[in-house]
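*Asks:* input_25.txt (compact mmCIF, C-alpha atoms) pasted underneath:
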```
# COMPACT_ATOMS: atom_id res chain seq x y z
CA MET A 1461 90.89 94.07 78.17
CA ARG A 1462 93.71 92.22 79.89
CA ALA A 1463 97.16 93.81 79.86
CA CYS A 1464 100.07 92.36 77.93
CA VAL A 1465 102.43 91.35 80.74
CA PRO A 1466 105.59 91.39 78.58
CA ASN A 1467 105.13 95.19 78.50
CA TYR A 1468 105.71 95.56 82.22
CA HIS A 1469 108.99 95.84 84.06
CA LEU A 1470 109.10 94.60 87.64
CA THR A 1471 112.64 94.72 88.90
CA THR A 1472 113.64 93.37 92.28
CA PRO A 1473 116.38 95.31 94.10
CA ALA A 1474 118.33 93.59 96.87
CA THR A 1475 118.23 96.51 99.28
CA LEU A 1476 116.31 99.71 99.97
CA ALA A 1477 119.44 101.66 98.97
CA ASP A 1478 119.39 99.94 95.55
CA ALA A 1479 115.71 100.76 95.15
CA LEU A 1480 116.26 104.44 96.03
CA ALA A 1481 119.25 104.66 93.69
CA LEU A 1482 117.08 103.39 90.85
CA LEU A 1483 114.30 105.88 91.66
CA GLU A 1484 116.87 108.68 91.71
CA SER A 1485 118.68 107.63 88.52
CA GLU A 1486 115.63 107.95 86.27
CA PRO A 1487 113.14 110.34 87.91
CA GLY A 1488 109.54 109.47 87.21
CA VAL A 1489 110.37 106.29 85.30
CA TRP A 1490 110.06 103.87 88.21
CA LYS A 1491 107.38 103.43 90.82
CA PRO A 1492 107.35 101.16 93.87
CA PHE A 1493 105.21 98.02 93.76
CA ALA A 1494 104.26 96.60 97.18
CA GLY A 1495 101.59 93.94 97.80
CA GLY A 1496 99.92 94.42 94.42
CA THR A 1497 96.33 94.38 95.68
CA ASP A 1498 95.49 97.60 93.84
CA LEU A 1499 97.97 97.60 90.95
CA MET A 1500 97.23 94.01 89.86
CA VAL A 1501 93.53 94.85 89.62
CA LEU A 1502 94.39 97.64 87.18
CA LEU A 1503 96.77 95.32 85.30
CA GLU A 1504 94.07 92.72 84.79
CA ALA A 1505 91.64 95.39 83.61
CA GLY A 1506 94.20 96.69 81.10
CA LYS A 1507 94.25 100.04 82.94
CA LEU A 1508 97.72 99.99 84.45
CA VAL A 1509 99.18 102.95 82.58
CA HIS A 1510 102.61 103.11 84.18
CA ARG A 1511 104.96 100.38 82.93
CA ASN A 1512 108.06 100.28 85.14
CA TYR A 1513 107.92 99.06 88.72
CA ILE A 1514 110.31 98.32 91.54
CA ASN A 1515 109.32 95.24 93.52
CA ILE A 1516 109.74 96.35 97.14
CA TRP A 1517 107.82 93.43 98.70
CA GLY A 1518 111.03 91.74 99.83
CA LEU A 1519 112.71 94.80 101.38
CA ASN A 1520 112.98 94.07 105.10
CA GLU A 1521 114.00 97.69 105.76
CA LEU A 1522 110.36 98.59 105.10
CA ARG A 1523 108.90 96.02 107.47
CA GLY A 1524 108.41 95.69 111.19
CA ILE A 1525 106.56 97.46 113.98
CA GLU A 1526 108.58 99.20 116.71
CA ALA A 1527 107.42 101.04 119.79
CA THR A 1528 109.01 103.64 122.04
CA ASP A 1529 107.30 105.48 124.90
CA THR A 1530 106.13 108.21 122.55
CA TYR A 1531 105.53 106.54 119.18
CA ILE A 1532 104.62 103.29 117.53
CA THR A 1533 106.33 103.12 114.14
CA LEU A 1534 105.20 100.84 111.34
CA GLY A 1535 107.16 99.93 108.24
CA ALA A 1536 105.38 100.93 105.03
CA LEU A 1537 105.05 97.24 104.10
CA THR A 1538 103.15 96.38 107.29
CA THR A 1539 100.20 94.29 106.14
CA TYR A 1540 96.65 94.53 107.44
CA THR A 1541 97.15 91.11 109.01
CA GLU A 1542 100.23 92.35 110.89
CA VAL A 1543 98.34 95.44 112.07
CA GLN A 1544 95.59 93.30 113.60
CA ALA A 1545 98.07 91.01 115.33
CA ASN A 1546 100.00 93.77 117.12
CA PRO A 1547 99.05 94.04 120.83
CA ILE A 1548 99.94 97.74 121.19
CA LEU A 1549 97.89 98.69 118.14
CA ARG A 1550 94.98 96.61 119.42
CA ARG A 1551 95.08 98.31 122.79
CA GLU A 1552 95.89 101.91 121.87
CA PHE A 1553 94.85 102.29 118.23
CA PRO A 1554 91.78 100.07 117.85
CA MET A 1555 90.42 102.00 114.85
CA LEU A 1556 93.47 101.08 112.80
CA CYS A 1557 92.97 97.40 113.67
CA GLN A 1558 89.28 97.64 112.83
CA ALA A 1559 90.07 99.34 109.51
CA ALA A 1560 92.57 96.55 108.75
CA SER A 1561 90.04 93.85 109.60
CA GLU A 1562 87.42 95.44 107.33
CA THR A 1563 89.71 95.82 104.33
CA GLY A 1564 89.01 93.06 101.82
CA GLY A 1565 89.11 89.45 103.02
CA LEU A 1566 92.00 87.65 104.70
CA ALA A 1567 93.78 87.00 101.41
CA ILE A 1568 93.84 90.75 100.72
CA GLN A 1569 94.81 91.52 104.32
CA ASN A 1570 97.83 89.23 103.95
CA ARG A 1571 99.15 91.25 100.98
CA GLY A 1572 97.76 94.76 101.26
CA THR A 1573 100.04 97.22 103.05
CA LEU A 1574 99.54 100.47 104.95
CA GLY A 1575 102.10 102.20 102.75
CA GLY A 1576 100.33 100.99 99.63
CA ASN A 1577 97.01 102.20 101.01
CA ILE A 1578 98.50 105.69 101.49
CA ILE A 1579 100.37 105.95 98.19
CA ASN A 1580 97.57 104.44 96.12
CA ALA A 1581 95.71 107.50 97.40
CA SER A 1582 92.17 106.27 96.95
CA PRO A 1583 89.65 108.53 98.70
CA ALA A 1584 87.81 105.30 99.60
CA ALA A 1585 90.81 103.69 101.35
CA ASP A 1586 90.03 102.22 104.77
CA SER A 1587 93.17 102.83 106.83
CA PRO A 1588 93.84 106.54 106.05
CA PRO A 1589 90.81 107.80 108.04
CA ALA A 1590 92.12 105.99 111.12
CA LEU A 1591 95.70 107.14 110.50
CA LEU A 1592 94.61 110.76 110.13
CA ALA A 1593 92.41 110.61 113.22
CA TYR A 1594 95.44 109.33 115.17
CA ASP A 1595 97.55 112.22 113.84
CA ALA A 1596 99.98 109.96 111.99
CA GLU A 1597 103.31 111.13 110.63
CA ILE A 1598 105.01 109.63 107.61
CA GLN A 1599 108.62 109.24 106.65
CA LEU A 1600 109.74 109.70 103.07
CA VAL A 1601 113.18 108.45 102.11
CA SER A 1602 115.42 109.05 99.10
CA THR A 1603 119.10 109.01 98.28
CA ARG A 1604 119.10 112.59 99.64
CA GLY A 1605 118.10 111.40 103.10
CA SER A 1606 114.81 111.17 104.93
CA ARG A 1607 112.13 113.49 106.21
CA TRP A 1608 109.18 113.11 108.55
CA LEU A 1609 106.03 115.04 107.81
CA PRO A 1610 102.47 115.09 109.12
CA TYR A 1611 100.20 112.75 107.15
CA GLN A 1612 97.58 115.48 107.41
CA GLY A 1613 98.11 117.61 104.28
CA PHE A 1614 100.13 114.96 102.41
CA HIS A 1615 97.34 114.35 99.91
CA THR A 1616 96.48 117.51 98.02
CA GLY A 1617 93.91 116.33 95.46
CA TYR A 1618 92.63 113.20 93.78
CA LYS A 1619 95.69 110.90 93.63
CA GLN A 1620 97.92 113.94 94.20
CA MET A 1621 100.45 114.05 97.04
CA HIS A 1622 103.59 115.76 98.31
CA ILE A 1623 106.17 113.18 97.27
CA GLY A 1624 109.15 113.65 94.99
CA PRO A 1625 109.80 111.25 92.07
CA ASP A 1626 112.89 109.99 93.90
CA GLU A 1627 111.14 109.48 97.24
CA MET A 1628 109.55 106.44 98.77
CA LEU A 1629 107.27 106.11 101.78
CA ALA A 1630 109.26 104.16 104.37
CA ARG A 1631 107.47 104.43 107.71
CA ILE A 1632 104.33 105.59 109.44
CA ARG A 1633 104.29 106.54 113.11
CA LEU A 1634 101.51 107.23 115.55
CA PRO A 1635 101.91 109.28 118.75
CA ARG A 1636 100.99 107.16 121.78
CA ASN A 1637 98.61 109.64 123.35
CA THR A 1638 95.31 107.82 123.11
CA ALA A 1639 94.97 106.76 126.74
CA ASP A 1640 91.98 109.02 127.50
CA VAL A 1641 90.29 109.29 124.10
CA LYS A 1642 87.15 107.69 122.75
CA HIS A 1643 87.57 106.02 119.37
CA TYR A 1644 84.81 105.78 116.79
CA TYR A 1645 85.26 104.00 113.44
CA ARG A 1646 82.53 103.02 111.04
CA LYS A 1647 82.85 101.79 107.49
CA VAL A 1648 79.59 101.74 105.58
CA GLY A 1649 79.63 99.47 102.55
CA THR A 1650 77.33 97.21 100.60
CA ARG A 1651 78.36 94.10 102.46
CA LYS A 1652 80.14 93.46 105.73
CA ALA A 1653 83.21 91.86 104.14
CA GLN A 1654 85.10 92.68 100.93
CA ALA A 1655 83.11 95.82 100.12
CA ILE A 1656 84.68 99.15 99.21
CA SER A 1657 83.26 101.88 101.40
CA LYS A 1658 80.42 104.23 100.52
CA VAL A 1659 81.40 106.29 103.55
CA CYS A 1660 84.15 105.69 106.07
CA PHE A 1661 84.23 107.68 109.31
CA ALA A 1662 87.00 107.74 111.92
CA ALA A 1663 87.09 110.04 114.89
CA VAL A 1664 88.67 110.42 118.29
CA GLY A 1665 87.43 112.70 121.03
CA ARG A 1666 88.40 113.82 124.49
CA THR A 1667 85.88 115.04 127.01
CA ASP A 1668 86.29 116.71 130.38
CA ARG A 1669 83.23 116.24 132.55
CA GLU A 1670 80.36 117.08 130.16
CA GLN A 1671 82.40 119.22 127.80
CA ILE A 1672 84.18 118.23 124.58
CA GLU A 1673 87.87 119.13 124.85
CA ASP A 1674 89.00 118.25 121.36
CA THR A 1675 88.23 115.89 118.51
CA ARG A 1676 89.76 114.73 115.27
CA ILE A 1677 87.13 113.84 112.68
CA VAL A 1678 88.05 112.21 109.38
CA VAL A 1679 85.77 111.03 106.60
CA GLY A 1680 86.57 108.91 103.55
CA SER A 1681 84.71 108.48 100.22
CA VAL A 1682 83.14 111.93 100.46
CA ALA A 1683 85.76 114.10 98.71
CA PRO A 1684 88.68 113.74 96.26
CA ILE A 1685 90.86 112.84 99.26
CA VAL A 1686 90.18 111.39 102.68
CA ILE A 1687 89.46 114.58 104.60
CA ARG A 1688 89.91 115.78 108.12
CA CYS A 1689 86.98 118.05 108.93
CA VAL A 1690 88.72 120.78 110.91
CA GLN A 1691 85.84 123.27 110.86
CA THR A 1692 83.56 120.65 112.34
CA GLU A 1693 86.21 119.95 114.97
CA ASP A 1694 86.41 123.70 115.73
CA SER A 1695 82.65 123.91 116.13
CA LEU A 1696 82.77 121.22 118.81
CA ARG A 1697 85.71 122.49 120.88
CA GLN A 1698 84.76 123.41 124.48
CA GLN A 1699 81.09 122.65 123.78
CA LYS A 1700 78.64 120.37 125.49
CA PRO A 1701 77.41 117.80 122.94
CA ASP A 1702 73.81 119.01 123.20
CA ASP A 1703 71.27 119.23 120.38
CA GLU A 1704 72.32 122.71 119.29
CA THR A 1705 76.02 121.78 119.15
CA ILE A 1706 75.20 118.67 117.16
CA ARG A 1707 73.06 120.65 114.72
CA ILE A 1708 75.87 123.15 114.14
CA ALA A 1709 78.48 120.39 113.77
CA CYS A 1710 76.35 118.52 111.23
CA ALA A 1711 75.86 121.68 109.19
CA SER A 1712 79.62 122.23 109.26
CA LEU A 1713 80.37 118.65 108.22
CA PHE A 1714 77.88 118.96 105.38
CA ARG A 1715 79.79 122.03 104.10
CA GLU A 1716 83.21 120.42 104.44
CA ILE A 1717 82.53 117.25 102.46
CA SER A 1718 81.93 117.19 98.71
CA PRO A 1719 80.61 113.73 97.85
CA ILE A 1720 79.71 112.66 94.33
CA ASP A 1721 77.42 110.12 92.68
CA ASP A 1722 79.41 107.11 91.47
CA ILE A 1723 79.12 103.35 91.03
CA ARG A 1724 79.06 102.73 94.77
CA SER A 1725 76.67 105.35 96.07
CA THR A 1726 75.12 108.79 95.64
CA ALA A 1727 76.17 112.19 96.93
CA LYS A 1728 72.89 112.52 98.83
CA TYR A 1729 73.24 109.17 100.57
CA ARG A 1730 76.86 109.85 101.48
CA SER A 1731 76.04 113.25 102.98
CA GLN A 1732 73.22 111.78 105.03
CA VAL A 1733 75.30 108.86 106.25
CA ALA A 1734 78.31 111.05 107.09
CA THR A 1735 76.18 113.34 109.25
CA ASN A 1736 74.40 110.37 110.84
CA LEU A 1737 77.78 108.94 111.79
CA LEU A 1738 78.83 112.29 113.26
CA VAL A 1739 75.70 112.27 115.43
CA ASP A 1740 76.47 108.70 116.48
CA PHE A 1741 80.08 109.64 117.31
CA LEU A 1742 78.93 112.59 119.42
CA ALA A 1743 76.52 110.29 121.25
CA THR A 1744 79.50 108.14 122.27
CA LEU A 1745 81.16 111.27 123.69
CA ARG A 1746 78.07 111.91 125.78
CA ALA A 1747 77.93 108.36 127.08
CA MET B 1390 109.33 94.42 75.35
CA ILE B 1391 110.68 93.12 78.62
CA THR B 1392 112.82 90.02 78.79
CA THR B 1393 111.91 87.06 80.92
CA GLN B 1394 113.69 86.32 84.16
CA ALA B 1395 114.33 83.18 86.16
CA VAL B 1396 112.34 82.54 89.31
CA GLU B 1397 112.57 79.58 91.65
CA PHE B 1398 109.91 78.49 94.04
CA LYS B 1399 108.34 75.39 95.51
CA VAL B 1400 104.83 74.27 94.75
CA ASN B 1401 103.37 71.52 96.91
CA GLY B 1402 106.89 70.57 97.99
CA GLU B 1403 108.32 70.34 94.48
CA SER B 1404 110.98 72.85 93.31
CA HIS B 1405 110.46 74.68 90.06
CA LYS B 1406 112.78 76.96 88.12
CA LEU B 1407 110.93 78.89 85.45
CA GLU B 1408 111.61 81.61 82.91
CA VAL B 1409 108.79 84.08 83.29
CA PHE B 1410 107.75 87.64 82.62
CA PRO B 1411 108.03 89.18 86.07
CA MET B 1412 104.56 90.72 86.02
CA ALA B 1413 102.87 87.45 84.95
CA ARG B 1414 100.16 86.57 87.43
CA LEU B 1415 101.00 83.65 89.70
CA LEU B 1416 97.57 82.22 88.81
CA ASP B 1417 98.47 82.04 85.12
CA VAL B 1418 101.91 80.57 85.79
CA LEU B 1419 100.41 77.85 87.99
CA ARG B 1420 97.68 77.00 85.51
CA GLU B 1421 99.48 77.38 82.21
CA GLN B 1422 103.13 76.61 82.89
CA LEU B 1423 102.75 74.11 85.71
CA GLN B 1424 99.39 72.66 84.61
CA LEU B 1425 98.01 73.09 88.13
CA THR B 1426 94.50 74.04 87.17
CA GLY B 1427 92.95 73.65 90.62
CA ALA B 1428 93.16 77.38 91.34
CA LYS B 1429 90.44 79.02 89.27
CA GLU B 1430 90.01 82.45 87.81
CA GLY B 1431 86.77 84.03 88.92
CA CYS B 1432 86.81 87.80 89.02
CA GLY B 1433 90.49 88.49 88.40
CA GLU B 1434 90.42 91.35 90.89
CA GLY B 1435 90.71 89.88 94.36
CA GLU B 1436 87.01 89.81 95.16
CA CYS B 1437 86.00 86.17 94.79
CA GLY B 1438 88.79 83.99 96.21
CA ALA B 1439 88.52 81.30 93.50
CA CYS B 1440 92.26 81.67 92.83
CA THR B 1441 93.26 81.28 96.50
CA VAL B 1442 96.61 79.60 97.16
CA ILE B 1443 98.84 79.57 100.24
CA ILE B 1444 102.19 81.38 99.98
CA ASP B 1445 104.63 80.90 102.86
CA GLY B 1446 101.79 79.94 105.20
CA ARG B 1447 99.33 82.68 104.27
CA ILE B 1448 96.36 82.61 101.91
CA VAL B 1449 96.52 85.01 99.00
CA ASN B 1450 94.65 85.70 95.79
CA SER B 1451 97.02 84.33 93.16
CA CYS B 1452 95.47 86.61 90.51
CA LEU B 1453 96.95 89.58 92.40
CA VAL B 1454 100.49 88.26 92.84
CA PRO B 1455 103.07 88.94 90.14
CA VAL B 1456 105.27 85.87 89.85
CA ALA B 1457 108.45 87.87 90.55
CA GLN B 1458 107.18 88.21 94.13
CA VAL B 1459 107.18 84.47 94.83
CA ASN B 1460 110.85 83.90 94.07
CA GLY B 1461 112.10 81.70 96.94
CA SER B 1462 108.61 81.05 98.31
CA GLU B 1463 106.75 77.87 99.20
CA ILE B 1464 103.32 77.61 97.69
CA THR B 1465 100.50 75.22 98.42
CA THR B 1466 97.69 74.77 95.92
CA ILE B 1467 94.61 72.58 96.22
CA GLU B 1468 96.57 69.83 94.42
CA GLY B 1469 98.94 69.65 97.41
CA VAL B 1470 96.32 69.27 100.11
CA ALA B 1471 95.58 65.54 99.95
CA ARG B 1472 98.25 63.03 101.05
CA SER B 1473 98.52 60.23 98.45
CA ASP B 1474 94.99 58.74 98.44
CA HIS B 1475 94.07 60.26 101.78
CA LEU B 1476 91.93 63.39 101.54
CA HIS B 1477 92.36 66.26 103.97
CA ALA B 1478 89.61 66.34 106.63
CA VAL B 1479 88.22 69.54 105.11
CA GLN B 1480 88.02 67.97 101.64
CA GLN B 1481 86.26 64.91 103.05
CA ALA B 1482 83.83 67.11 104.96
CA PHE B 1483 82.98 69.04 101.77
CA ILE B 1484 82.17 65.71 100.06
CA ASP B 1485 80.19 64.34 102.99
CA HIS B 1486 78.13 67.45 103.61
CA GLY B 1487 77.52 68.80 100.10
CA GLY B 1488 79.96 71.70 100.37
CA ALA B 1489 80.72 71.63 96.64
CA GLN B 1490 78.30 72.08 93.78
CA CYS B 1491 79.68 73.49 90.53
CA GLY B 1492 83.16 73.36 92.05
CA ILE B 1493 84.60 76.68 90.89
CA CYS B 1494 84.84 78.17 94.37
CA THR B 1495 85.70 74.87 96.07
CA PRO B 1496 89.53 74.90 95.87
CA GLY B 1497 89.60 78.41 97.32
CA MET B 1498 87.01 77.61 99.98
CA ILE B 1499 88.94 74.52 101.07
CA LEU B 1500 92.26 76.35 101.25
CA ALA B 1501 90.68 79.23 103.18
CA ALA B 1502 89.10 76.72 105.58
CA ILE B 1503 92.39 74.84 106.04
CA ASP B 1504 94.19 78.13 106.70
CA LEU B 1505 91.55 79.07 109.25
CA LEU B 1506 91.75 75.74 111.08
CA GLU B 1507 95.54 75.85 111.17
CA ARG B 1508 95.50 79.27 112.80
CA ASN B 1509 92.45 78.56 114.93
CA PRO B 1510 91.60 74.88 115.48
CA GLU B 1511 88.43 75.69 117.42
CA PRO B 1512 86.82 78.54 115.52
CA THR B 1513 83.54 80.13 116.55
CA GLU B 1514 80.77 80.51 113.96
CA ASP B 1515 81.86 84.12 113.49
CA ASP B 1516 85.47 83.03 113.01
CA ILE B 1517 84.38 80.65 110.25
CA ARG B 1518 82.28 83.31 108.51
CA ASN B 1519 85.17 85.76 108.76
CA GLY B 1520 87.68 83.15 107.55
CA LEU B 1521 85.59 82.48 104.44
CA ALA B 1522 84.47 86.07 103.84
CA GLY B 1523 86.87 86.52 100.94
CA ASN B 1524 85.50 83.51 99.05
CA LEU B 1525 82.32 83.83 97.04
CA CYS B 1526 80.03 80.96 96.03
CA ARG B 1527 77.12 81.33 93.63
CA CYS B 1528 75.62 77.84 94.09
CA THR B 1529 75.37 76.64 97.64
CA GLY B 1530 73.97 79.59 99.52
CA TYR B 1531 76.97 79.07 101.80
CA MET B 1532 75.21 77.02 104.48
CA LYS B 1533 76.52 73.69 103.25
CA ILE B 1534 80.03 75.10 103.01
CA PHE B 1535 79.71 76.51 106.50
CA GLU B 1536 78.38 73.17 107.76
CA SER B 1537 81.26 71.32 106.08
CA VAL B 1538 83.82 73.47 107.89
CA VAL B 1539 82.02 73.05 111.21
CA ARG B 1540 82.09 69.24 110.72
CA ALA B 1541 85.75 69.32 109.66
CA CYS B 1542 86.80 71.00 112.88
CA ARG B 1543 84.96 68.41 114.96
CA LYS B 1544 87.19 65.67 113.51
```
As a first step, turn the structure in this file into structure tokens.
*Replies:*
Amino acid sequence: MRACVPNYHLTTPATLADALALLESEPGVWKPFAGGTDLMVLLEAGKLVHRNYINIWGLNELRGIEATDTYITLGALTTYTEVQANPILRREFPMLCQAASETGGLAIQNRGTLGGNIINASPAADSPPALLAYDAEIQLVSTRGSRWLPYQGFHTGYKQMHIGPDEMLARIRLPRNTADVKHYYRKVGTRKAQAISKVCFAAVGRTDREQIEDTRIVVGSVAPIVIRCVQTEDSLRQQKPDDETIRIACASLFREISPIDDIRSTAKYRSQVATNLLVDFLATLRA
Amino acid sequence: MITTQAVEFKVNGESHKLEVFPMARLLDVLREQLQLTGAKEGCGEGECGACTVIIDGRIVNSCLVPVAQVNGSEITTIEGVARSDHLHAVQQAFIDHGGAQCGICTPGMILAAIDLLERNPEPTEDDIRNGLAGNLCRCTGYMKIFESVVRACRK
């Protein structure tokens, strides 16, 4: 059933400072509202439980992409369209651009934001696997100041995350250390465009001669959160990607993920696809 | 109950100042308050593209935009595409090549195609498929729509 829109507050602050002051003044009462591509779906379905929102779409402090020698830093309101258009991201972080291009259609990509994708905290989100594989850090801001923390570990359970009621996600930054890595991103959905993933797999790997130096392997839609599979990574370190290594890594991945049956797929299918994608990723490291 | 607030924006070049509930969907405001019924409601969840409009030069699903977020914006709907009695090349191509059947998806398809051609006047076949990927049609099987866009870019 459609929501009754007169029940919803959407207030538009002039500045980020105003928005943070409002968050701080009534803890838990207000939540940020960015591009609306998730929240408006809930609204229309009559399932948007929270009632009071701060419209942050117009806050320029949360926009823009800036690069230094060590980091590329993206405002939380960076859209999927802006991600795909950025030459540094295209060159050094191709999985993030691919994730952006496979999220919804163009109309969604023009409104959906990286910050929204993180805070909405769907385990089926498309950009978090790429962000985790690139070892992203996130900046939370509040009237108390700001703090940077690793994105890894930010989500603690289904829709649960380490963020205070007065804090807002402001920026995401990626270390520019991808010059010698291989990137592997695959989203498996029902249809090439517009689908929500059944399994999403993002990984980077470094090899030295025949041997795997290190990897970061992240899988979405197979657990309550998008998960980095550290035991699988450990099993691969300093190994040759031969059949035995692959067998051990697949067994490890199978133990680390905990997929379920739902409207989009089954646990069995997701486990099989996730391990197939791991094998495919390891084949790219051998190539 | 929340009170209404004033928003100002332009639609097809014309300025409007409206009293609205801030979370009202742009789609509903366009259709019900401005009587611009070209944008259609299909799925209501950003999957089908029937409600596509252009905000500040970018296509969006108007069912997913709360009206408070278009304050100060310029919006183009399908009603603003033709110039007096002169149809846009994409509209004419849809007529000439059977790109419209029941018509529900057509306004969104045409706006998505116009947006594509403005960004990329010589699209490849893949570019066209990608440009229209967010717009669903249940009648045509897509080929006539695709053909219409191909013909429109040859003009």
*Asks:* Residues of chain B that have any atom at most 7 Å from an atom of chain A: could you tabulate them with the shortest-distance atom pair and the distance in Å to one decimal, using all atoms listed in the file, ordered by chain and increasing number, as a Markdown table?
*Replies:*
```
| residue | atom | partner | partner_atom | distance |
| --- | --- | --- | --- | --- |
| B:Met1390 | CA | A:Asn1467 | CA | 5.3 |
| B:Ile1391 | CA | A:Pro1466 | CA | 5.4 |
| B:Phe1410 | CA | A:Pro1466 | CA | 5.9 |
| B:Pro1411 | CA | A:Leu1470 | CA | 5.7 |
| B:Met1412 | CA | A:Val1465 | CA | 5.7 |
| B:Ala1413 | CA | A:Val1465 | CA | 5.8 |
| B:Gly1433 | CA | A:Glu1504 | CA | 6.6 |
| B:Glu1434 | CA | A:Val1501 | CA | 4.9 |
| B:Glu1436 | CA | A:Gln1654 | CA | 6.7 |
| B:Arg1447 | CA | A:Asn1570 | CA | 6.7 |
| B:Ile1448 | CA | A:Ala1567 | CA | 5.1 |
| B:Val1449 | CA | A:Ala1567 | CA | 4.2 |
| B:Asn1450 | CA | A:Ala1567 | CA | 5.8 |
| B:Leu1453 | CA | A:Met1500 | CA | 5.1 |
| B:Val1454 | CA | A:Gly1496 | CA | 6.4 |
| B:Gln1458 | CA | A:Trp1517 | CA | 7.0 |
| B:Gly1520 | CA | A:Leu1566 | CA | 6.9 |
| B:Ala1522 | CA | A:Gly1565 | CA | 5.8 |
| B:Gly1523 | CA | A:Gly1565 | CA | 4.2 |
```
*Asks:* What is the distance, in Å and to one decimal place, between atom CA of Leu1506 of chain B and atom CA of Cys1526 of chain B?
*Replies:* 19.8 Å
*Asks:* From the list A:Phe1493, A:Tyr1618, A:Tyr1644, A:Tyr1531, which residue is nearest Ile1687 of chain A when using all atoms listed in the file?
*Replies:* A:Tyr1618
*Asks:* Taking (85.1, 114.6, 114.2) in the file's own coordinates, collect the residues within 9 Å, counting only C-alpha atoms, and hand them back as a list in words.
*Replies:*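 Looking at atoms near the point gives Ala1593, Phe1661, Ala1662, Ala1663, Val1664, Gly1665, Asp1674, Thr1675, Arg1676, Ile1677, Val1678, Val1679, Arg1688, Cys1689, Val1690, Thr1692, Glu1693, Leu1696, Ala1709, Leu1713, Leu1738, Phe1741 and Leu1742 of chain A.
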*Asks:* Tell me which protein, DNA and RNA residues are within 6 Å of segment 1682-1686 of chain A, counting all atoms listed in the file, leaving out same-chain ones fewer than 3 positions away, and put them as a PyMOL selection string.
*Replies:* chain A and resi 1583+1617-1618+1679+1717-1719
*Asks:* Tell me, as JSON, numbers by chain, which residues lie within 12 Å of segment 1465-1476 of chain B, counting all atoms listed in the file; anything in the same chain fewer than 3 positions away does not count.
*Replies:* {"B": [1398, 1399, 1400, 1401, 1402, 1403, 1404, 1415, 1416, 1419, 1420, 1423, 1424, 1425, 1426, 1427, 1428, 1429, 1439, 1440, 1441, 1442, 1443, 1444, 1445, 1446, 1447, 1448, 1449, 1450, 1451, 1459, 1462, 1479, 1480, 1481, 1482, 1483, 1484, 1485, 1494, 1495, 1496, 1497, 1498, 1499, 1500, 1501, 1502, 1503, 1504, 1541]}
*Asks:* Restricting the calculation to all atoms listed in the file, which member of A:Ile1632, A:Arg1523, A:Ala1727, A:Lys1619 is positioned closest to Arg1607 of chain A?
*Replies:*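 The shortest atom-to-atom distance to Arg1607 of chain A comes from A:Ile1632.
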*Asks:* Considering all atoms listed in the file, state which residue in the set B:Ala1489, B:Leu1407, B:Leu1505, B:Val1418 is at the smallest distance from Ile1534 of chain B.
*Replies:*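 The shortest atom-to-atom distance to Ile1534 of chain B comes from B:Ala1489.
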*Asks:* Residues proximal to (91.2, 96.3, 114.8) were defined as those with any atom within 10 Å of that point in the file's coordinates, counting all atoms listed in the file. Which are they, as JSON, numbers by chain?
*Replies:* {"A": [1540, 1541, 1543, 1544, 1545, 1546, 1549, 1550, 1551, 1553, 1554, 1555, 1556, 1557, 1558, 1559, 1560, 1561, 1562, 1645]}
*Asks:* Restricted to C-alpha atoms, what would the selected residues look like written as a PDB file, in the frame of the given file?
*Replies:*
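File out14.pdb, as written:
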```
ATOM      1  CA  TYR A1540      96.650  94.530 107.440  1.00  0.00           C
ATOM      2  CA  THR A1541      97.150  91.110 109.010  1.00  0.00           C
ATOM      3  CA  VAL A1543      98.340  95.440 112.070  1.00  0.00           C
ATOM      4  CA  GLN A1544      95.590  93.300 113.600  1.00  0.00           C
ATOM      5  CA  ALA A1545      98.070  91.010 115.330  1.00  0.00           C
ATOM      6  CA  ASN A1546     100.000  93.770 117.120  1.00  0.00           C
ATOM      7  CA  LEU A1549      97.890  98.690 118.140  1.00  0.00           C
ATOM      8  CA  ARG A1550      94.980  96.610 119.420  1.00  0.00           C
ATOM      9  CA  ARG A1551      95.080  98.310 122.790  1.00  0.00           C
ATOM     10  CA  PHE A1553      94.850 102.290 118.230  1.00  0.00           C
ATOM     11  CA  PRO A1554      91.780 100.070 117.850  1.00  0.00           C
ATOM     12  CA  MET A1555      90.420 102.000 114.850  1.00  0.00           C
ATOM     13  CA  LEU A1556      93.470 101.080 112.800  1.00  0.00           C
ATOM     14  CA  CYS A1557      92.970  97.400 113.670  1.00  0.00           C
ATOM     15  CA  GLN A1558      89.280  97.640 112.830  1.00  0.00           C
ATOM     16  CA  ALA A1559      90.070  99.340 109.510  1.00  0.00           C
ATOM     17  CA  ALA A1560      92.570  96.550 108.750  1.00  0.00           C
ATOM     18  CA  SER A1561      90.040  93.850 109.600  1.00  0.00           C
ATOM     19  CA  GLU A1562      87.420  95.440 107.330  1.00  0.00           C
ATOM     20  CA  TYR A1645      85.260 104.000 113.440  1.00  0.00           C
TER      21      TYR A1645
END
```
*Asks:* Any idea what the distance is between atom CA of Gly1438 of chain B and atom CA of His1477 of chain B?
*Replies:* 19.7 Å
*Asks:* Please report the interatomic distance between atom CA of Gly1680 of chain A and atom CA of Ala1527 of chain A in Å with one decimal.
*Replies:* 27.6 Å
*Asks:* Show which residues sit within 8 Å of Glu1597 of chain A, as a CSV table (one decimal) with C-alpha atoms, keeping the file's coordinate frame. Count only C-alpha atoms, and ignore same-chain residues fewer than 4 positions away.
*Replies:*
```
chain,number,residue,atom,x,y,z
A,1608,TRP,CA,109.2,113.1,108.6
A,1609,LEU,CA,106.0,115.0,107.8
A,1610,PRO,CA,102.5,115.1,109.1
A,1611,TYR,CA,100.2,112.8,107.2
A,1612,GLN,CA,97.6,115.5,107.4
A,1632,ILE,CA,104.3,105.6,109.4
A,1633,ARG,CA,104.3,106.5,113.1
A,1634,LEU,CA,101.5,107.2,115.6
```
